[in-house]
Amino acid sequence: MKHLKWFVGLYCLASAASSLAATGKLLATPGVSQVEGSAGGGLVPWAQLAGYASADEVAINGFCSRADVTDYRLDVCGVQFNLFDRVELSYAQQQFDVPALDTQIEQSISAAKIRLYGDIVYSEWPQVSLGVQHKELQNGAIASLLGAEDTKGTDVYIAASKLHLGALAGYNWFWNTTVRYSEANQLGLLGYGGKNSAEKLLFEASSAVFLTHQVAVGIEYREKSNNLGLSEQDWKDIFIAWFPNKHISVTAAWLDLGRIAGADDQTGWYLSVTGYW
């Protein structure tokens with residue numbers, strides 16, 4: 001509930017300054033909001049920068065999302081800034097509910113992304129961006145109990161994205177690939193590092209087809225490490241995103257998060273709303 005109140009307050013504040021809204025890009029090209037606060041899909045950060053700012057504009061976005069699976073729930077709210085279509089700054093607060101233990105895990109994420117090259121529509125090659133996400137647990141007792149080495153860490157990733165207009169039987173097709181360096185366990189919600197020497201270079205990908213200019217359907221994949229020896233499994237989703245205008249987007253998805261902290265078959269739904277100003 002507190003996340004919803006935060007989002008409503010941010011919406012009201014930004015609406016009061018709507019005359020400054022950035023509208024430089026094509027509808028839907030910024031993507032939506034990712035669970036770590038960056039612009040992207042629900043699970044994967046993309047090369048796009050948040051909002052519709054062009055080279056002489058600034059954009060601000062607010063979002064809230066919920067992922068509800070078999071044994072857990074993850075609520076996220078955050079804010080994103082796009083500075084002249086070159087730099088993205090974001091902050092997100094995650095709340096991970098563990099009903100079996102009657103507890104909550106909270107994590108803050110401060111992030112930045114810089115566009116290195118290209119544009120997802122207008123350049124021949126993909127848009128490429130470099131991002132960092134610094135994460136800190138507010139309560140790391142469970143992470144320490146499971147064998148995590150630290151309660152904070154920093155992910156670094158590089159993403160490439162491209163939108164091909166009319167590429168699939170006249171429909172627009174989007175794809176993204178992301179390579180991440182990370183020691184995080186379940187996004188960092190279970191801490192960082194551990195007793196296993198797990199793979200730290202991780203692959204992530206997304207693909208979507210625009211059924212109309214306002215509606216896209218797609219899939220995502222996110223590789224996970226296994227630092228804690230709990231058979232952490234890769235994450236997947238099937239999503240639909242709706243962009244009624246340049247001020248709001250709504251994303252719904254079916255999630256398959258595999259095993260989390262020894263609990264199998266973590267499947268369920270995801271819903272996210274982003275406001276753009």
# chains A, B, ... in the order shown; residues from 1 in each chain; ligands from 1

call {"tool": "closest_atom_pairs", "arguments": {"of": "region 28-72 of chain A", "to": "region 150-160 of chain A", "cutoff": "12 Å", "atoms": "only C-alpha atoms", "output": "JSON lines"}}
result
{"residue": "A:Glu36", "atom": "CA", "partner": "A:Asp155", "partner_atom": "CA", "distance": 10.7}
{"residue": "A:Ser38", "atom": "CA", "partner": "A:Tyr157", "partner_atom": "CA", "distance": 11.5}
{"residue": "A:Ala39", "atom": "CA", "partner": "A:Ala159", "partner_atom": "CA", "distance": 11.3}
{"residue": "A:Gly40", "atom": "CA", "partner": "A:Ala159", "partner_atom": "CA", "distance": 9.9}
{"residue": "A:Val44", "atom": "CA", "partner": "A:Ala159", "partner_atom": "CA", "distance": 9.5}
{"residue": "A:Pro45", "atom": "CA", "partner": "A:Ala159", "partner_atom": "CA", "distance": 7.4}
{"residue": "A:Trp46", "atom": "CA", "partner": "A:Ala159", "partner_atom": "CA", "distance": 5.7}
{"residue": "A:Ala47", "atom": "CA", "partner": "A:Ala159", "partner_atom": "CA", "distance": 4.9}
{"residue": "A:Gln48", "atom": "CA", "partner": "A:Ala160", "partner_atom": "CA", "distance": 8.6}
{"residue": "A:Leu49", "atom": "CA", "partner": "A:Ala159", "partner_atom": "CA", "distance": 11.1}

call {"tool": "write_last_selection", "arguments": {"atoms": "N, CA and C atoms", "output": "PDB file, in the first residue's frame"}}
result
ATOM      1  N   GLU A  36      14.385  -3.842 -11.424  1.00  0.00           N
ATOM      2  CA  GLU A  36      15.493  -3.192 -10.721  1.00  0.00           C
ATOM      3  C   GLU A  36      15.504  -1.682 -10.940  1.00  0.00           C
ATOM      4  N   SER A  38      15.476   0.109 -13.930  1.00  0.00           N
ATOM      5  CA  SER A  38      15.931   0.615 -15.218  1.00  0.00           C
ATOM      6  C   SER A  38      14.841   0.479 -16.277  1.00  0.00           C
ATOM      7  N   ALA A  39      14.973   1.235 -17.353  1.00  0.00           N
ATOM      8  CA  ALA A  39      14.091   1.030 -18.496  1.00  0.00           C
ATOM      9  C   ALA A  39      14.427  -0.304 -19.143  1.00  0.00           C
ATOM     10  N   GLY A  40      13.374  -1.023 -19.567  1.00  0.00           N
ATOM     11  CA  GLY A  40      13.583  -2.311 -20.205  1.00  0.00           C
ATOM     12  C   GLY A  40      12.301  -3.093 -20.245  1.00  0.00           C
ATOM     13  N   VAL A  44      14.383  -7.747 -17.624  1.00  0.00           N
ATOM     14  CA  VAL A  44      15.671  -7.479 -18.265  1.00  0.00           C
ATOM     15  C   VAL A  44      15.829  -5.994 -18.577  1.00  0.00           C
ATOM     16  N   PRO A  45      16.948  -5.374 -18.189  1.00  0.00           N
ATOM     17  CA  PRO A  45      17.210  -4.004 -18.633  1.00  0.00           C
ATOM     18  C   PRO A  45      17.579  -3.976 -20.114  1.00  0.00           C
ATOM     19  N   TRP A  46      17.020  -3.015 -20.831  1.00  0.00           N
ATOM     20  CA  TRP A  46      17.294  -2.868 -22.251  1.00  0.00           C
ATOM     21  C   TRP A  46      18.216  -1.679 -22.502  1.00  0.00           C
ATOM     22  N   ALA A  47      18.657  -1.517 -23.741  1.00  0.00           N
ATOM     23  CA  ALA A  47      19.556  -0.410 -24.076  1.00  0.00           C
ATOM     24  C   ALA A  47      18.839   0.935 -24.093  1.00  0.00           C
ATOM     25  N   GLN A  48      17.509   0.937 -24.252  1.00  0.00           N
ATOM     26  CA  GLN A  48      16.773   2.196 -24.261  1.00  0.00           C
ATOM     27  C   GLN A  48      16.907   2.934 -22.936  1.00  0.00           C
ATOM     28  N   LEU A  49      16.780   4.250 -23.013  1.00  0.00           N
ATOM     29  CA  LEU A  49      16.735   5.067 -21.815  1.00  0.00           C
ATOM     30  C   LEU A  49      15.284   5.379 -21.483  1.00  0.00           C
TER      31      LEU A  49
END

call {"tool": "residues_around", "arguments": {"residues": "Lys135 (chain A)", "least_positions_apart": "3", "cutoff": "10 Å", "atoms": "only C-alpha atoms", "output": "count of residues only"}}
result
22

call {"tool": "residues_around", "arguments": {"residues": "Leu201 (chain A)", "least_positions_apart": "2", "cutoff": "9 Å", "atoms": "only C-alpha atoms", "output": "list in words"}}
result
Val179, Arg180, Tyr181, Ser182, Glu199, Phe203 and Ser225 of chain A

call {"tool": "select_by_dssp", "arguments": {"residues": "region 17-260 of chain A", "states": "helix (DSSP H, G or I)", "output": "list in words"}}
result
Ser18, Ser19, Leu20, Pro99, Ala100, Leu101, Ala141, Ile142, Ala143, Ser144, Leu145, Gln186, Leu187 and Gly188 of chain A

call {"tool": "select_by_dssp", "arguments": {"residues": "region 102-277 of chain A", "states": "strand (DSSP E)", "output": "JSON, numbers by chain"}}
result
{"A": [103, 104, 105, 106, 107, 108, 109, 110, 111, 112, 113, 114, 115, 116, 117, 127, 128, 129, 130, 131, 132, 133, 134, 135, 136, 137, 152, 153, 154, 155, 156, 157, 158, 159, 160, 161, 162, 163, 164, 165, 166, 167, 168, 171, 172, 173, 174, 175, 176, 177, 178, 179, 180, 181, 201, 202, 203, 204, 205, 206, 207, 208, 209, 210, 215, 216, 217, 218, 219, 220, 221, 222, 235, 236, 237, 238, 239, 240, 241, 242, 243, 244, 245, 248, 249, 250, 251, 252, 253, 254, 255, 256, 267, 268, 269, 270, 271, 272, 273, 274, 275, 276]}

call {"tool": "residues_around", "arguments": {"residues": "Trp175 (chain A)", "least_positions_apart": "3", "cutoff": "7 Å", "atoms": "only C-alpha atoms", "output": "ChimeraX atom specification"}}
result
/A:161-163,206-208

call {"tool": "residues_around", "arguments": {"residues": "region 60-65 of chain A", "least_positions_apart": "3", "cutoff": "6 Å", "atoms": "only C-alpha atoms", "output": "CSV table (one decimal) with C-alpha atoms, in the first residue's frame"}}
result
chain,number,residue,atom,x,y,z
A,75,ASP,CA,6.6,-5.2,-4.9
A,76,VAL,CA,8.8,-2.5,-6.5
A,77,CYS,CA,8.4,1.2,-6.9
A,78,GLY,CA,10.8,3.6,-8.4
A,79,VAL,CA,11.6,6.8,-10.3
A,80,GLN,CA,13.7,7.3,-13.5
A,81,PHE,CA,15.3,10.3,-15.1
A,271,LEU,CA,1.7,-6.4,-13.4
A,272,SER,CA,3.5,-3.0,-13.8
A,273,VAL,CA,2.3,0.6,-14.5
A,274,THR,CA,4.6,3.4,-15.6
A,275,GLY,CA,3.8,7.1,-15.9
A,276,TYR,CA,5.9,9.2,-18.2
A,277,TRP,CA,6.3,13.0,-18.0

call {"tool": "residues_around", "arguments": {"residues": "region 258-269 of chain A", "least_positions_apart": "3", "cutoff": "7 Å", "atoms": "only C-alpha atoms", "output": "ChimeraX atom specification"}}
result
/A:67-71,230-235,253-255

call {"tool": "atom_distance", "arguments": {"atom1": "CA of Asn226 (chain A)", "atom2": "CA of Lys113 (chain A)"}}
result
26.1 Å

call {"tool": "residues_around", "arguments": {"residues": "Lys236 (chain A)", "least_positions_apart": "4", "cutoff": "9 Å", "atoms": "only C-alpha atoms", "output": "number ranges by chain"}}
result
A: 43, 219-223, 254-258

call {"tool": "write_last_selection", "arguments": {"atoms": "C-alpha atoms", "output": "tab-separated table (two decimals), in the first residue's frame"}}
result
chain	number	residue	atom	x	y	z
A	43	LEU	CA	12.93	-8.84	-15.99
A	219	ILE	CA	9.11	-13.14	-24.08
A	220	GLU	CA	12.08	-12.63	-21.77
A	221	TYR	CA	14.86	-14.80	-20.41
A	222	ARG	CA	17.29	-14.07	-17.58
A	223	GLU	CA	20.17	-16.37	-16.66
A	254	TRP	CA	3.07	-14.77	-16.76
A	255	LEU	CA	6.24	-15.61	-14.80
A	256	ASP	CA	8.28	-18.76	-14.36
A	257	LEU	CA	10.97	-18.04	-11.75
A	258	GLY	CA	11.90	-21.67	-11.14

call {"tool": "atom_distance", "arguments": {"atom1": "CA of Gly193 (chain A)", "atom2": "CA of Ile105 (chain A)"}}
result
17.3 Å

call {"tool": "closest_residue", "arguments": {"among": "A:Leu116, A:Ala169, A:Leu190, A:Val87", "to": "Gly147 (chain A)", "atoms": "only C-alpha atoms"}}
result
A:Leu190

call {"tool": "decode", "arguments": {"residues": "region 69-100 of chain A", "atoms": "N, CA, C and O atoms", "output": "PDB file, in the first residue's frame"}}
result
ATOM      1  N   VAL A  69       4.099 -14.886  -7.076  1.00  0.00           N
ATOM      2  CA  VAL A  69       4.295 -16.280  -7.472  1.00  0.00           C
ATOM      3  C   VAL A  69       3.896 -17.194  -6.317  1.00  0.00           C
ATOM      4  O   VAL A  69       3.405 -16.745  -5.289  1.00  0.00           O
ATOM      5  N   THR A  70       4.131 -18.479  -6.471  1.00  0.00           N
ATOM      6  CA  THR A  70       3.558 -19.484  -5.586  1.00  0.00           C
ATOM      7  C   THR A  70       3.800 -19.200  -4.103  1.00  0.00           C
ATOM      8  O   THR A  70       2.870 -19.251  -3.286  1.00  0.00           O
ATOM      9  N   ASP A  71       5.032 -18.904  -3.736  1.00  0.00           N
ATOM     10  CA  ASP A  71       5.381 -18.750  -2.318  1.00  0.00           C
ATOM     11  C   ASP A  71       5.904 -17.367  -1.949  1.00  0.00           C
ATOM     12  O   ASP A  71       6.232 -17.141  -0.771  1.00  0.00           O
ATOM     13  N   TYR A  72       5.998 -16.449  -2.898  1.00  0.00           N
ATOM     14  CA  TYR A  72       6.607 -15.154  -2.626  1.00  0.00           C
ATOM     15  C   TYR A  72       5.867 -14.048  -3.376  1.00  0.00           C
ATOM     16  O   TYR A  72       5.122 -14.304  -4.328  1.00  0.00           O
ATOM     17  N   ARG A  73       6.135 -12.815  -2.940  1.00  0.00           N
ATOM     18  CA  ARG A  73       5.616 -11.649  -3.647  1.00  0.00           C
ATOM     19  C   ARG A  73       6.678 -10.558  -3.639  1.00  0.00           C
ATOM     20  O   ARG A  73       7.297 -10.297  -2.605  1.00  0.00           O
ATOM     21  N   LEU A  74       6.866  -9.915  -4.778  1.00  0.00           N
ATOM     22  CA  LEU A  74       7.842  -8.835  -4.905  1.00  0.00           C
ATOM     23  C   LEU A  74       7.129  -7.567  -5.367  1.00  0.00           C
ATOM     24  O   LEU A  74       6.543  -7.537  -6.450  1.00  0.00           O
ATOM     25  N   ASP A  75       7.177  -6.521  -4.546  1.00  0.00           N
ATOM     26  CA  ASP A  75       6.646  -5.205  -4.895  1.00  0.00           C
ATOM     27  C   ASP A  75       7.810  -4.249  -5.117  1.00  0.00           C
ATOM     28  O   ASP A  75       8.766  -4.224  -4.323  1.00  0.00           O
ATOM     29  N   VAL A  76       7.710  -3.462  -6.188  1.00  0.00           N
ATOM     30  CA  VAL A  76       8.772  -2.519  -6.521  1.00  0.00           C
ATOM     31  C   VAL A  76       8.144  -1.198  -6.928  1.00  0.00           C
ATOM     32  O   VAL A  76       7.175  -1.172  -7.690  1.00  0.00           O
ATOM     33  N   CYS A  77       8.694  -0.101  -6.421  1.00  0.00           N
ATOM     34  CA  CYS A  77       8.354   1.227  -6.924  1.00  0.00           C
ATOM     35  C   CYS A  77       9.638   2.001  -7.160  1.00  0.00           C
ATOM     36  O   CYS A  77      10.652   1.784  -6.467  1.00  0.00           O
ATOM     37  N   GLY A  78       9.610   2.899  -8.120  1.00  0.00           N
ATOM     38  CA  GLY A  78      10.822   3.642  -8.410  1.00  0.00           C
ATOM     39  C   GLY A  78      10.583   4.860  -9.261  1.00  0.00           C
ATOM     40  O   GLY A  78       9.466   5.135  -9.715  1.00  0.00           O
ATOM     41  N   VAL A  79      11.657   5.606  -9.477  1.00  0.00           N
ATOM     42  CA  VAL A  79      11.627   6.818 -10.289  1.00  0.00           C
ATOM     43  C   VAL A  79      12.819   6.778 -11.235  1.00  0.00           C
ATOM     44  O   VAL A  79      13.885   6.238 -10.900  1.00  0.00           O
ATOM     45  N   GLN A  80      12.632   7.319 -12.434  1.00  0.00           N
ATOM     46  CA  GLN A  80      13.670   7.305 -13.469  1.00  0.00           C
ATOM     47  C   GLN A  80      13.795   8.700 -14.087  1.00  0.00           C
ATOM     48  O   GLN A  80      12.791   9.403 -14.255  1.00  0.00           O
ATOM     49  N   PHE A  81      15.015   9.066 -14.427  1.00  0.00           N
ATOM     50  CA  PHE A  81      15.275  10.331 -15.096  1.00  0.00           C
ATOM     51  C   PHE A  81      16.047  10.066 -16.383  1.00  0.00           C
ATOM     52  O   PHE A  81      16.993   9.273 -16.396  1.00  0.00           O
ATOM     53  N   ASN A  82      15.650  10.721 -17.466  1.00  0.00           N
ATOM     54  CA  ASN A  82      16.364  10.675 -18.737  1.00  0.00           C
ATOM     55  C   ASN A  82      16.909  12.068 -19.012  1.00  0.00           C
ATOM     56  O   ASN A  82      16.151  13.028 -19.154  1.00  0.00           O
ATOM     57  N   LEU A  83      18.232  12.188 -19.082  1.00  0.00           N
ATOM     58  CA  LEU A  83      18.880  13.469 -19.294  1.00  0.00           C
ATOM     59  C   LEU A  83      19.360  13.558 -20.736  1.00  0.00           C
ATOM     60  O   LEU A  83      20.376  12.954 -21.115  1.00  0.00           O
ATOM     61  N   PHE A  84      18.565  14.241 -21.569  1.00  0.00           N
ATOM     62  CA  PHE A  84      18.940  14.577 -22.948  1.00  0.00           C
ATOM     63  C   PHE A  84      19.212  13.340 -23.808  1.00  0.00           C
ATOM     64  O   PHE A  84      20.054  13.373 -24.706  1.00  0.00           O
ATOM     65  N   ASP A  85      18.489  12.264 -23.523  1.00  0.00           N
ATOM     66  CA  ASP A  85      18.599  11.018 -24.276  1.00  0.00           C
ATOM     67  C   ASP A  85      20.035  10.490 -24.313  1.00  0.00           C
ATOM     68  O   ASP A  85      20.444   9.824 -25.265  1.00  0.00           O
ATOM     69  N   ARG A  86      20.778  10.772 -23.259  1.00  0.00           N
ATOM     70  CA  ARG A  86      22.157  10.305 -23.168  1.00  0.00           C
ATOM     71  C   ARG A  86      22.405   9.518 -21.888  1.00  0.00           C
ATOM     72  O   ARG A  86      23.100   8.498 -21.897  1.00  0.00           O
ATOM     73  N   VAL A  87      21.805   9.968 -20.765  1.00  0.00           N
ATOM     74  CA  VAL A  87      22.050   9.344 -19.464  1.00  0.00           C
ATOM     75  C   VAL A  87      20.721   9.065 -18.774  1.00  0.00           C
ATOM     76  O   VAL A  87      19.825   9.916 -18.771  1.00  0.00           O
ATOM     77  N   GLU A  88      20.595   7.878 -18.200  1.00  0.00           N
ATOM     78  CA  GLU A  88      19.446   7.511 -17.370  1.00  0.00           C
ATOM     79  C   GLU A  88      19.912   7.322 -15.930  1.00  0.00           C
ATOM     80  O   GLU A  88      20.899   6.622 -15.675  1.00  0.00           O
ATOM     81  N   LEU A  89      19.188   7.936 -14.998  1.00  0.00           N
ATOM     82  CA  LEU A  89      19.403   7.729 -13.572  1.00  0.00           C
ATOM     83  C   LEU A  89      18.118   7.170 -12.979  1.00  0.00           C
ATOM     84  O   LEU A  89      17.027   7.625 -13.327  1.00  0.00           O
ATOM     85  N   SER A  90      18.238   6.202 -12.081  1.00  0.00           N
ATOM     86  CA  SER A  90      17.027   5.612 -11.506  1.00  0.00           C
ATOM     87  C   SER A  90      17.271   5.198 -10.062  1.00  0.00           C
ATOM     88  O   SER A  90      18.410   4.966  -9.632  1.00  0.00           O
ATOM     89  N   TYR A  91      16.148   5.119  -9.338  1.00  0.00           N
ATOM     90  CA  TYR A  91      16.170   4.611  -7.967  1.00  0.00           C
ATOM     91  C   TYR A  91      14.931   3.751  -7.777  1.00  0.00           C
ATOM     92  O   TYR A  91      13.825   4.141  -8.181  1.00  0.00           O
ATOM     93  N   ALA A  92      15.112   2.583  -7.182  1.00  0.00           N
ATOM     94  CA  ALA A  92      13.988   1.671  -6.936  1.00  0.00           C
ATOM     95  C   ALA A  92      14.082   1.091  -5.534  1.00  0.00           C
ATOM     96  O   ALA A  92      15.182   0.893  -5.003  1.00  0.00           O
ATOM     97  N   GLN A  93      12.914   0.832  -4.955  1.00  0.00           N
ATOM     98  CA  GLN A  93      12.828   0.180  -3.658  1.00  0.00           C
ATOM     99  C   GLN A  93      12.043  -1.114  -3.826  1.00  0.00           C
ATOM    100  O   GLN A  93      10.911  -1.095  -4.309  1.00  0.00           O
ATOM    101  N   GLN A  94      12.663  -2.230  -3.446  1.00  0.00           N
ATOM    102  CA  GLN A  94      12.039  -3.538  -3.561  1.00  0.00           C
ATOM    103  C   GLN A  94      11.596  -4.038  -2.186  1.00  0.00           C
ATOM    104  O   GLN A  94      12.309  -3.861  -1.196  1.00  0.00           O
ATOM    105  N   GLN A  95      10.439  -4.682  -2.158  1.00  0.00           N
ATOM    106  CA  GLN A  95       9.944  -5.339  -0.944  1.00  0.00           C
ATOM    107  C   GLN A  95       9.558  -6.767  -1.297  1.00  0.00           C
ATOM    108  O   GLN A  95       8.624  -6.998  -2.069  1.00  0.00           O
ATOM    109  N   PHE A  96      10.278  -7.725  -0.726  1.00  0.00           N
ATOM    110  CA  PHE A  96      10.113  -9.143  -1.040  1.00  0.00           C
ATOM    111  C   PHE A  96       9.462  -9.817   0.157  1.00  0.00           C
ATOM    112  O   PHE A  96      10.060  -9.903   1.236  1.00  0.00           O
ATOM    113  N   ASP A  97       8.220 -10.268  -0.007  1.00  0.00           N
ATOM    114  CA  ASP A  97       7.478 -10.898   1.079  1.00  0.00           C
ATOM    115  C   ASP A  97       7.721 -12.403   1.091  1.00  0.00           C
ATOM    116  O   ASP A  97       7.604 -13.074   0.052  1.00  0.00           O
ATOM    117  N   VAL A  98       8.039 -12.930   2.280  1.00  0.00           N
ATOM    118  CA  VAL A  98       8.248 -14.361   2.477  1.00  0.00           C
ATOM    119  C   VAL A  98       7.222 -14.839   3.513  1.00  0.00           C
ATOM    120  O   VAL A  98       7.495 -14.883   4.715  1.00  0.00           O
ATOM    121  N   PRO A  99       6.000 -15.192   3.086  1.00  0.00           N
ATOM    122  CA  PRO A  99       4.937 -15.549   4.035  1.00  0.00           C
ATOM    123  C   PRO A  99       5.291 -16.725   4.940  1.00  0.00           C
ATOM    124  O   PRO A  99       4.887 -16.757   6.112  1.00  0.00           O
ATOM    125  N   ALA A 100       6.053 -17.692   4.437  1.00  0.00           N
ATOM    126  CA  ALA A 100       6.376 -18.872   5.248  1.00  0.00           C
ATOM    127  C   ALA A 100       7.172 -18.503   6.493  1.00  0.00           C
ATOM    128  O   ALA A 100       7.093 -19.189   7.518  1.00  0.00           O
TER     129      ALA A 100
END
